[in-house]
Amino acid sequence: MFLRNLWYFAMPGRDLKRGAMTAKLLLGEPVLIARGGDGAPFALRDICPHRGIPLSHGAFDGKEVECCYHGWRFGGDGRCTAIPSLVPDQKFNIERVKVARYPCREVQGNIWVYFGDETGDPGDPPIVPELGDRAPGMNEAMTFPCHVDHAVVGLMDPAHGPFVHQSWWWRSRRSIHEKSKAFGPSQRGFTMLRHPPSSNSAAYRLLGGEMTTEISFQLPGVRIEHIRAGKHVLCNLTAVTPVSETETVVHNAIYWTQPWLTPLKPLLAPFARAFLKQDRDVVVMQQEGLRHNPNLMLINDADVQAKWYYQLKDAWQKAGTDGQPFENPVKAQELRWRS
Ligand code: FES
Ligand SMILES: [Fe+2]
């Protein structure tokens with residue numbers, strides 16, 4: 001079971017043109033995401049309530065989706081608006097026919113879909129601070145052949161850097177040194193409090209100005225690395241969305257306010273991609289072992305964030321079933337490791 005009552009990153013907004021629709025499998029559910037002629041995205045269950053064919057095989061005119069099988073039409077709110085086979089005196093209340101609608105929002109250039117059990121206000125999707133409604137300078141996504149938990153734990157694992165991401169521009173094995181970072185609880189997760197970034201990252205040094213980093217994590221699997229460099233902000237949003245029990249998409253959106261970075265985009269994109277691929281490659285190899293169902297270990301302090309993730313998940317699920325308010329199990333703490 002995947003965590004519910006949360007926003008999940010569905011796709012970069014720039015990949016969905018006005019009047020277009022696309023089919024996605026998210027949390028094991030078929031979802032049609034479309035952008036109306038008015039520019040607003042919406043999401044529907046991608047199954048025709050008549051005979052179950054995915055609506056995404058049909059047509060979209062920017063207002064209504066038409067099923068390819070018998071031409072039933074549906075608005076962005078999921079209500080049926082037309083059934084072509086009905087003759088005028090046949091009393092069939094088409095308003096009773098509905099396809100489930102998911103709350104869908106576009107925030108800072110990305111489309112998020114809410115998977116919830118309640119009909120109340122789902123609140124806002126995760127928002128990156130200090131960027132207004134700026135869209136990402138760069139988006140990257142990769143499908144990992146693993147359960148969402150392994151992708152999330154990989155995100156917050158500080159000890160794999162010098163091994164998995166060994167490269168001249170990021171980390172070398174020789175650069176390993178002891179680190180101590182202060183953490184505190186946040187709304188649905190925890191934050192590595194603002195600090196000067198690691199001196200062993202050559203890539204950071206390019207930015208110039210006085211630098212500080214804050215890294216936050218929130219359920220279901222959203223990591224925001226927020227770097228201030230002088231008066232500028234560089235930010236990396238990573239959001240992990242399960243496709244199924246065995247497949248997970250890791251989305252990466254990079255934002256910056258430094259104007260000089262924008263023309264360097266074609267140069268930077270391969271690095272972002274290489275970085276994500278290093279994480280993916282190690283997950284592919286890990287699957288070879290996980291197939292045999294081994295017991296796994298989480299050690300202090302390098303794996304404490306992973307422990308927190310599992311505790312947060314339990315607390316979230318418990319709050320969902322008991323109807324109690326969510327209580328964050330994370331306590332403020334200093335963590336030490338070598339990386
Ligand atoms: S299956 Fe969609 S209209 Fe019949
Ligand atoms: Fe990594």
# chains A, B, ... in the order shown; residues from 1 in each chain; ligands from 1
call {"tool": "residues_around", "arguments": {"residues": "Pro49 of chain A", "least_positions_apart": "4", "cutoff": "12 Å", "atoms": "only C-alpha atoms", "output": "PyMOL selection string"}}
result
chain A and resi 44-45+53-55+67+69-74+78-80+83+94+96-100
call {"tool": "select_by_dssp", "arguments": {"residues": "segment 7-245 of chain A", "states": "alpha helix (DSSP H)", "output": "list of chain:residue names"}}
result
A:Val148, A:Asp149, A:His150, A:Ala151, A:Val152, A:Val153, A:Gly154, A:Leu155, A:Gly161, A:Pro162, A:Phe163, A:Val164, A:Ala202, A:Ala203, A:Tyr204, A:Arg205
call {"tool": "residues_near_ligand", "arguments": {"ligand": "ligand 2", "cutoff": "8 Å", "atoms": "only C-alpha atoms and all ligand atoms", "output": "ChimeraX atom specification"}}
result
/A:154-155,157,160-161,164-165,275-276,278-279
call {"tool": "write_last_selection", "arguments": {"atoms": "C-alpha atoms", "output": "PDB file, in the first residue's frame"}}
result
ATOM      1  CA  GLY A 154      18.566   6.247  -1.533  1.00  0.00           C
ATOM      2  CA  LEU A 155      17.642   9.936  -1.635  1.00  0.00           C
ATOM      3  CA  ASP A 157      21.440   8.236   2.293  1.00  0.00           C
ATOM      4  CA  HIS A 160      26.710   6.440  -0.703  1.00  0.00           C
ATOM      5  CA  GLY A 161      27.959   9.738  -2.158  1.00  0.00           C
ATOM      6  CA  VAL A 164      28.148   5.890  -6.103  1.00  0.00           C
ATOM      7  CA  HIS A 165      28.754   9.485  -7.170  1.00  0.00           C
ATOM      8  CA  PHE A 275      24.001  11.863 -11.344  1.00  0.00           C
ATOM      9  CA  LEU A 276      20.521  10.364 -11.457  1.00  0.00           C
ATOM     10  CA  GLN A 278      24.414   6.632 -10.945  1.00  0.00           C
ATOM     11  CA  ASP A 279      21.623   6.290  -8.380  1.00  0.00           C
TER      12      ASP A 279
END
call {"tool": "residues_around", "arguments": {"residues": "segment 211-218 of chain A", "least_positions_apart": "4", "cutoff": "6 Å", "atoms": "only C-alpha atoms", "output": "MDAnalysis selection string"}}
result
chainID A and resid 188:197 222:229
call {"tool": "atom_distance", "arguments": {"atom1": "atom CA of Val283 of chain A", "atom2": "atom CA of Lys331 of chain A"}}
result
29.5 Å
call {"tool": "decode", "arguments": {"residues": "segment 72-88 of chain A", "atoms": "all heavy atoms", "output": "PDB file, in the first residue's frame"}}
result
ATOM      1  N   TRP A  72     -18.852   8.483 -25.444  1.00  0.00           N
ATOM      2  CA  TRP A  72     -19.309   9.213 -24.259  1.00  0.00           C
ATOM      3  C   TRP A  72     -18.306  10.331 -23.985  1.00  0.00           C
ATOM      4  O   TRP A  72     -17.104  10.152 -24.165  1.00  0.00           O
ATOM      5  CB  TRP A  72     -19.398   8.292 -23.029  1.00  0.00           C
ATOM      6  CG  TRP A  72     -20.463   7.240 -23.112  1.00  0.00           C
ATOM      7  CD1 TRP A  72     -21.038   6.743 -24.242  1.00  0.00           C
ATOM      8  CD2 TRP A  72     -21.050   6.546 -22.007  1.00  0.00           C
ATOM      9  NE1 TRP A  72     -21.956   5.777 -23.917  1.00  0.00           N
ATOM     10  CE2 TRP A  72     -21.996   5.631 -22.545  1.00  0.00           C
ATOM     11  CE3 TRP A  72     -20.886   6.584 -20.627  1.00  0.00           C
ATOM     12  CZ2 TRP A  72     -22.755   4.793 -21.750  1.00  0.00           C
ATOM     13  CZ3 TRP A  72     -21.641   5.739 -19.823  1.00  0.00           C
ATOM     14  CH2 TRP A  72     -22.569   4.856 -20.383  1.00  0.00           C
ATOM     15  N   ARG A  73     -18.834  11.467 -23.510  1.00  0.00           N
ATOM     16  CA  ARG A  73     -17.954  12.620 -23.287  1.00  0.00           C
ATOM     17  C   ARG A  73     -17.934  13.006 -21.809  1.00  0.00           C
ATOM     18  O   ARG A  73     -18.948  12.895 -21.112  1.00  0.00           O
ATOM     19  CB  ARG A  73     -18.415  13.806 -24.139  1.00  0.00           C
ATOM     20  CG  ARG A  73     -18.331  13.537 -25.640  1.00  0.00           C
ATOM     21  CD  ARG A  73     -18.884  14.720 -26.428  1.00  0.00           C
ATOM     22  NE  ARG A  73     -18.023  15.883 -26.331  1.00  0.00           N
ATOM     23  CZ  ARG A  73     -16.974  16.094 -27.128  1.00  0.00           C
ATOM     24  NH1 ARG A  73     -16.689  15.240 -28.081  1.00  0.00           N
ATOM     25  NH2 ARG A  73     -16.231  17.184 -26.987  1.00  0.00           N
ATOM     26  N   PHE A  74     -16.784  13.477 -21.357  1.00  0.00           N
ATOM     27  CA  PHE A  74     -16.611  13.845 -19.950  1.00  0.00           C
ATOM     28  C   PHE A  74     -15.897  15.183 -19.836  1.00  0.00           C
ATOM     29  O   PHE A  74     -14.938  15.448 -20.552  1.00  0.00           O
ATOM     30  CB  PHE A  74     -15.781  12.780 -19.215  1.00  0.00           C
ATOM     31  CG  PHE A  74     -16.436  11.430 -19.258  1.00  0.00           C
ATOM     32  CD1 PHE A  74     -16.175  10.557 -20.317  1.00  0.00           C
ATOM     33  CD2 PHE A  74     -17.342  11.043 -18.280  1.00  0.00           C
ATOM     34  CE1 PHE A  74     -16.800   9.321 -20.384  1.00  0.00           C
ATOM     35  CE2 PHE A  74     -17.977   9.809 -18.344  1.00  0.00           C
ATOM     36  CZ  PHE A  74     -17.710   8.939 -19.398  1.00  0.00           C
ATOM     37  N   GLY A  75     -16.363  16.009 -18.908  1.00  0.00           N
ATOM     38  CA  GLY A  75     -15.699  17.285 -18.639  1.00  0.00           C
ATOM     39  C   GLY A  75     -14.530  17.091 -17.686  1.00  0.00           C
ATOM     40  O   GLY A  75     -14.343  16.006 -17.124  1.00  0.00           O
ATOM     41  N   GLY A  76     -13.772  18.145 -17.458  1.00  0.00           N
ATOM     42  CA  GLY A  76     -12.607  18.088 -16.567  1.00  0.00           C
ATOM     43  C   GLY A  76     -12.990  17.782 -15.127  1.00  0.00           C
ATOM     44  O   GLY A  76     -12.147  17.365 -14.332  1.00  0.00           O
ATOM     45  N   ASP A  77     -14.274  17.992 -14.773  1.00  0.00           N
ATOM     46  CA  ASP A  77     -14.725  17.660 -13.415  1.00  0.00           C
ATOM     47  C   ASP A  77     -15.166  16.200 -13.321  1.00  0.00           C
ATOM     48  O   ASP A  77     -15.607  15.746 -12.266  1.00  0.00           O
ATOM     49  CB  ASP A  77     -15.879  18.585 -12.996  1.00  0.00           C
ATOM     50  CG  ASP A  77     -17.064  18.512 -13.968  1.00  0.00           C
ATOM     51  OD1 ASP A  77     -17.004  17.745 -14.949  1.00  0.00           O
ATOM     52  OD2 ASP A  77     -18.045  19.240 -13.740  1.00  0.00           O
ATOM     53  N   GLY A  78     -15.054  15.459 -14.430  1.00  0.00           N
ATOM     54  CA  GLY A  78     -15.391  14.037 -14.416  1.00  0.00           C
ATOM     55  C   GLY A  78     -16.839  13.734 -14.762  1.00  0.00           C
ATOM     56  O   GLY A  78     -17.222  12.576 -14.890  1.00  0.00           O
ATOM     57  N   ARG A  79     -17.659  14.778 -14.906  1.00  0.00           N
ATOM     58  CA  ARG A  79     -19.077  14.523 -15.205  1.00  0.00           C
ATOM     59  C   ARG A  79     -19.283  14.183 -16.677  1.00  0.00           C
ATOM     60  O   ARG A  79     -18.675  14.800 -17.556  1.00  0.00           O
ATOM     61  CB  ARG A  79     -19.911  15.778 -14.929  1.00  0.00           C
ATOM     62  CG  ARG A  79     -20.237  15.981 -13.489  1.00  0.00           C
ATOM     63  CD  ARG A  79     -20.933  17.341 -13.342  1.00  0.00           C
ATOM     64  NE  ARG A  79     -20.614  17.917 -12.050  1.00  0.00           N
ATOM     65  CZ  ARG A  79     -21.261  17.610 -10.929  1.00  0.00           C
ATOM     66  NH1 ARG A  79     -22.276  16.777 -10.962  1.00  0.00           N
ATOM     67  NH2 ARG A  79     -20.908  18.146  -9.788  1.00  0.00           N
ATOM     68  N   CYS A  80     -20.189  13.253 -16.912  1.00  0.00           N
ATOM     69  CA  CYS A  80     -20.532  12.883 -18.279  1.00  0.00           C
ATOM     70  C   CYS A  80     -21.387  13.995 -18.883  1.00  0.00           C
ATOM     71  O   CYS A  80     -22.317  14.505 -18.245  1.00  0.00           O
ATOM     72  CB  CYS A  80     -21.292  11.563 -18.256  1.00  0.00           C
ATOM     73  SG  CYS A  80     -21.737  10.995 -19.913  1.00  0.00           S
ATOM     74  N   THR A  81     -21.068  14.384 -20.106  1.00  0.00           N
ATOM     75  CA  THR A  81     -21.811  15.474 -20.745  1.00  0.00           C
ATOM     76  C   THR A  81     -22.587  14.997 -21.979  1.00  0.00           C
ATOM     77  O   THR A  81     -23.457  15.703 -22.470  1.00  0.00           O
ATOM     78  CB  THR A  81     -20.841  16.597 -21.188  1.00  0.00           C
ATOM     79  OG1 THR A  81     -19.825  16.011 -22.009  1.00  0.00           O
ATOM     80  CG2 THR A  81     -20.184  17.273 -19.993  1.00  0.00           C
ATOM     81  N   ALA A  82     -22.264  13.824 -22.492  1.00  0.00           N
ATOM     82  CA  ALA A  82     -22.985  13.355 -23.678  1.00  0.00           C
ATOM     83  C   ALA A  82     -22.851  11.842 -23.843  1.00  0.00           C
ATOM     84  O   ALA A  82     -21.779  11.269 -23.607  1.00  0.00           O
ATOM     85  CB  ALA A  82     -22.429  14.045 -24.933  1.00  0.00           C
ATOM     86  N   ILE A  83     -23.976  11.206 -24.225  1.00  0.00           N
ATOM     87  CA  ILE A  83     -23.975   9.791 -24.596  1.00  0.00           C
ATOM     88  C   ILE A  83     -24.647   9.706 -25.972  1.00  0.00           C
ATOM     89  O   ILE A  83     -25.865   9.808 -26.093  1.00  0.00           O
ATOM     90  CB  ILE A  83     -24.730   8.935 -23.549  1.00  0.00           C
ATOM     91  CG1 ILE A  83     -23.979   8.993 -22.193  1.00  0.00           C
ATOM     92  CG2 ILE A  83     -24.876   7.490 -24.038  1.00  0.00           C
ATOM     93  CD1 ILE A  83     -24.590   8.148 -21.084  1.00  0.00           C
ATOM     94  N   PRO A  84     -23.851   9.586 -27.021  1.00  0.00           N
ATOM     95  CA  PRO A  84     -24.390   9.703 -28.381  1.00  0.00           C
ATOM     96  C   PRO A  84     -25.463   8.680 -28.740  1.00  0.00           C
ATOM     97  O   PRO A  84     -26.305   8.955 -29.594  1.00  0.00           O
ATOM     98  CB  PRO A  84     -23.149   9.517 -29.269  1.00  0.00           C
ATOM     99  CG  PRO A  84     -21.990   9.826 -28.394  1.00  0.00           C
ATOM    100  CD  PRO A  84     -22.389   9.442 -27.008  1.00  0.00           C
ATOM    101  N   SER A  85     -25.472   7.511 -28.080  1.00  0.00           N
ATOM    102  CA  SER A  85     -26.429   6.472 -28.491  1.00  0.00           C
ATOM    103  C   SER A  85     -27.852   6.735 -28.000  1.00  0.00           C
ATOM    104  O   SER A  85     -28.790   6.062 -28.428  1.00  0.00           O
ATOM    105  CB  SER A  85     -25.958   5.109 -27.972  1.00  0.00           C
ATOM    106  OG  SER A  85     -26.028   5.086 -26.557  1.00  0.00           O
ATOM    107  N   LEU A  86     -28.038   7.667 -27.087  1.00  0.00           N
ATOM    108  CA  LEU A  86     -29.373   7.917 -26.529  1.00  0.00           C
ATOM    109  C   LEU A  86     -30.263   8.626 -27.550  1.00  0.00           C
ATOM    110  O   LEU A  86     -29.831   9.579 -28.206  1.00  0.00           O
ATOM    111  CB  LEU A  86     -29.270   8.803 -25.274  1.00  0.00           C
ATOM    112  CG  LEU A  86     -28.658   8.164 -24.021  1.00  0.00           C
ATOM    113  CD1 LEU A  86     -28.492   9.210 -22.929  1.00  0.00           C
ATOM    114  CD2 LEU A  86     -29.503   6.997 -23.538  1.00  0.00           C
ATOM    115  N   VAL A  87     -31.502   8.144 -27.680  1.00  0.00           N
ATOM    116  CA  VAL A  87     -32.464   8.878 -28.525  1.00  0.00           C
ATOM    117  C   VAL A  87     -33.223   9.840 -27.612  1.00  0.00           C
ATOM    118  O   VAL A  87     -33.293   9.632 -26.397  1.00  0.00           O
ATOM    119  CB  VAL A  87     -33.433   7.921 -29.274  1.00  0.00           C
ATOM    120  CG1 VAL A  87     -32.668   7.074 -30.261  1.00  0.00           C
ATOM    121  CG2 VAL A  87     -34.219   7.074 -28.321  1.00  0.00           C
ATOM    122  N   PRO A  88     -33.779  10.925 -28.175  1.00  0.00           N
ATOM    123  CA  PRO A  88     -34.266  12.027 -27.345  1.00  0.00           C
ATOM    124  C   PRO A  88     -35.252  11.627 -26.237  1.00  0.00           C
ATOM    125  O   PRO A  88     -35.211  12.190 -25.164  1.00  0.00           O
ATOM    126  CB  PRO A  88     -34.938  12.961 -28.358  1.00  0.00           C
ATOM    127  CG  PRO A  88     -34.220  12.682 -29.636  1.00  0.00           C
ATOM    128  CD  PRO A  88     -33.860  11.235 -29.607  1.00  0.00           C
TER     129      PRO A  88
END
